[in-house]
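**Student:** Below is the structure I would like to discuss, written out as structure tokens.
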Amino acid sequence: MSVTSDSKQIEITLPDGSKRSYPSGTTGLAIAESIGKKLAKAAVGIVVDGEERDLGAPIDHDASVAIVTRESPEGLEMLRHSAAHIMADAIQRLRPKAKLWKGPAVDDERYGFYYDIDFGEEPISAEDLPEIERRMHEIVKEDSPFCRREVSKQEGLQIARDLEDTYKIPILERMAEDETVSFYSHGKFTDLCRGPHIPSAGRLGDGFAVLSIAGAYFGDDADNKMLTRIYGHAFADKKAMEAHKQRLEEAAKRDHRRIGKDLDLFSTMGEFGAGLVLWHPKGGFVRHKIEEFWRQKHLDGGYDIVYSPHVAKSDLWQCSGHLDFYKESMYSPMDIDGQEYLLKPMNCPFHVMMFKDRRRSYRELPFRWAELGTVYRYEGAGMLHGLLRVRGFTQDDAHIFCTPDQLDAEIVRVLDFVLEMLRAFGFEDFELELSTKPEKAVGSDDIWEKATAALLAALKGSGIEYGIDEGGGAFYGPKIDVKIRDAIGRSWQCSTIQCDFNLPERFDLSFVGEDGSPHRPIMIHRALLGSLERFFGILVEQFVGCFPLWLAPVQIAVISVGERHADAATRAAEALRSKGVRVELDIAADKVGAKIRKHLWQEKTQLVAVVGDQELESGKLTVRHRADGDLGTLSIDEVAAEIMRRVEARV
């Protein structure tokens, strides 16, 4: 790249450590072009000294610079944020009176961006989404540049008033008089925005789609007006977008809300209590089997089962710190005998009170106390989602109270237990992450180092790759988060292991050490499955409602061919039940083929046993498996043995 001798030069340090000189005021695009045409074509933005900027933003000082390409995480976020602006432009072309609220890029399994809009008297529906997408393609073809304009607060207010941007005016009015604001324009469209954005609308390409429509309260406050939220997604190219659409279609087939209704597993209270779950008999049975397995594994693993109340005086939550740090997620207090009580959002303070109930010795530790405790947390109405986001749920909680010397062994033990439990439900693909000390934290540096080293040693011993989130720990201690990947590659956060120095300090917990002096225990918070409601929803989607036989509410359906076979089918069902098999009897007058399809494919039963003339004569059952097909003609004992074999194999 040639420069004139009298131009001021700046030194740019690239990610590989190499340094290059450029004229002051050079842009990210110029830097990318000087490196190579391919890079310049893929570039959508830059990072200057850690700050993301527009590709065309001038650089006037020595700096570290990285080129942001469209396929990088930062590049995709820029694409998606720009797609939100382009979608809003398309919507205003379709509905000129529409008022815009906000349109961020989002990190979501389904969507990459959205825009909240007040359509007033010109409502929009799902039928309009293809037209919005078509107009977005037109805007992309126009390829107007994204232009940033930085102005004073008063200039910004005038721009917003000229645009009749009624939702942005209050934001600007609340700003300090000396603040500056930025607007981005492409073509005739202008919106208040911090940016950065891609260089021009054409850089978005054709890897985007407008996907769905929903309602959202202004400011996410249920007391405010309901706006319309339009969701979309954008990727580096059309192929990636089509692959995402296929994933969405597969996810829709697995949607636990639809399957839960079809199989009569659960429902929610709706208008009588949004976010509160009703477990129907079949869903309740699956939950029972999960809990039964959970309790036995904990008892075998050296845990004690405890129970705690659903409410406590507000003093408890003040002492624990929840009223300082978690109040917005707690429900309003209730008056009981003139005292203020609150529903519990967590179980941990109760377990702390159990520890504090009497004097403890180092000889007793560690305590491993586990509880399936139902907690209540406020979720905004717009955030509720089937079983995955609810307001009342049961957490498979446990708290371990140990000495500092016991911490290493307990962390290893807990992580092994987490992976063992998740594998029992068929999950084998894990993501592990260690979150370390944040800037604001309680506890000494020494204990933080010891706890972090214990978590790190457990991660290394697991043999599973892990990441580190520097500074991402809770203020009270470091943690390990465990995510699982399901059958279609989605990631779910389930398990967490957290070291806590805060609650033992707040509640002044102590044990008598070997030296006869009081010492502070360390508290390990630990959830394996997380919320039972959420985990059940994940299982429904993982198995598409066809649970493995050890969990299935119905293990086999016994079907009669005709009326004369009903008594034999009934006797066979009773014989299987006497051997501990969970049976559904079907002696309806429907055709046998229709009954087989009903049980195997509609009701997701793994096995059916048919009783017809041949079976009447032989005293056996013809058995078919949903996936494995015909298993042959088997005696009652052979059918029961086959089911038990599959139960033990957890299939």
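For the structure tokens, the naming scheme is as follows: chains receive sequential letters (A, B, ...) according to their order of presentation, residues are indexed from 1 within each chain, and ligands are indexed from 1 in presentation order.
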May I have the residues within 6 Å of Cys402 in chain A as a list in words, using only C-alpha atoms and disregarding those fewer than 3 positions away in the same chain?

**Tutor:** Leu365, Pro366, Gln406, Pro521 and Ile522 of chain A

**Student:** As a PyMOL selection string, please: all residues of range 115-259 of chain A that backbone DSSP puts in helix (DSSP H, G or I).

**Tutor:** chain A and resi 126-142+153-162+169-173+201-204+218-220+238-253+256-259

**Student:** Could you save the residues just selected, with C-alpha atoms, as a short mmCIF file (atom, residue, chain, number, x, y, z; two decimals), in the first residue's frame?

**Tutor:**
data_model
loop_
_atom_site.label_atom_id
_atom_site.label_comp_id
_atom_site.auth_asym_id
_atom_site.auth_seq_id
_atom_site.Cartn_x
_atom_site.Cartn_y
_atom_site.Cartn_z
CA ALA A 126 -48.03 -14.37 10.06
CA GLU A 127 -49.39 -14.21 6.52
CA ASP A 128 -47.43 -10.96 6.01
CA LEU A 129 -44.04 -12.46 6.90
CA PRO A 130 -43.20 -13.71 3.36
CA GLU A 131 -43.91 -10.21 2.00
CA ILE A 132 -41.62 -8.67 4.63
CA GLU A 133 -38.88 -11.09 3.62
CA ARG A 134 -39.42 -10.32 -0.09
CA ARG A 135 -39.05 -6.59 0.59
CA MET A 136 -35.88 -7.26 2.59
CA HIS A 137 -34.40 -8.91 -0.50
CA GLU A 138 -35.27 -5.78 -2.48
CA ILE A 139 -33.47 -3.59 0.08
CA VAL A 140 -30.42 -5.88 -0.03
CA LYS A 141 -30.32 -5.52 -3.83
CA GLU A 142 -30.42 -1.71 -3.47
CA LYS A 153 -28.88 14.98 22.54
CA GLN A 154 -30.92 17.94 21.25
CA GLU A 155 -30.13 17.13 17.61
CA GLY A 156 -31.08 13.53 18.28
CA LEU A 157 -34.40 14.62 19.77
CA GLN A 158 -35.15 16.68 16.69
CA ILE A 159 -34.34 13.75 14.38
CA ALA A 160 -36.62 11.48 16.44
CA ARG A 161 -39.43 14.04 16.34
CA ASP A 162 -39.03 14.47 12.57
CA ILE A 169 -38.04 10.22 22.24
CA PRO A 170 -38.42 9.30 25.96
CA ILE A 171 -35.02 7.50 25.84
CA LEU A 172 -33.36 10.62 24.47
CA GLU A 173 -35.13 12.90 26.95
CA ALA A 201 -27.27 -3.58 2.98
CA GLY A 202 -25.90 -5.70 0.14
CA ARG A 203 -23.33 -7.25 2.46
CA LEU A 204 -26.17 -9.07 4.25
CA PHE A 218 -43.05 -2.55 25.83
CA GLY A 219 -39.98 -2.57 28.06
CA ASP A 220 -40.73 -6.23 28.92
CA LYS A 238 -28.08 -19.20 2.19
CA LYS A 239 -26.89 -22.77 2.75
CA ALA A 240 -26.42 -22.14 6.49
CA MET A 241 -29.85 -20.50 6.67
CA GLU A 242 -31.52 -23.48 4.97
CA ALA A 243 -29.76 -25.85 7.36
CA HIS A 244 -31.11 -23.79 10.27
CA LYS A 245 -34.64 -23.97 8.85
CA GLN A 246 -34.33 -27.76 8.71
CA ARG A 247 -33.23 -27.77 12.36
CA LEU A 248 -36.23 -25.64 13.24
CA GLU A 249 -38.54 -28.05 11.44
CA GLU A 250 -37.02 -30.97 13.36
CA ALA A 251 -37.30 -29.03 16.61
CA ALA A 252 -40.97 -28.30 15.85
CA LYS A 253 -41.62 -32.05 15.48
CA HIS A 256 -42.49 -30.84 24.15
CA ARG A 257 -45.59 -28.64 24.40
CA ARG A 258 -47.28 -30.32 21.43
CA ILE A 259 -46.10 -33.82 22.36
#

**Student:** Find the distance between CA of Arg645 in chain A and CA of Phe430 in chain A and write it in Å to one decimal.

**Tutor:**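 Straight-line distance from CA of Arg645 in chain A to CA of Phe430 in chain A works out to 27.3 Å.
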
**Student:** Find the distance between CA of Arg650 in chain A and CA of Arg577 in chain A and write it in Å to one decimal.

**Tutor:** 19.7 Å

**Student:** Mind the document's chain letters and residue numbers, and return as a VMD selection string the residues of range 420-505 of chain A that DSSP labels strand (DSSP E).

**Tutor:** chain A and resid 430 to 435 466 to 469 479 to 485 491 to 500
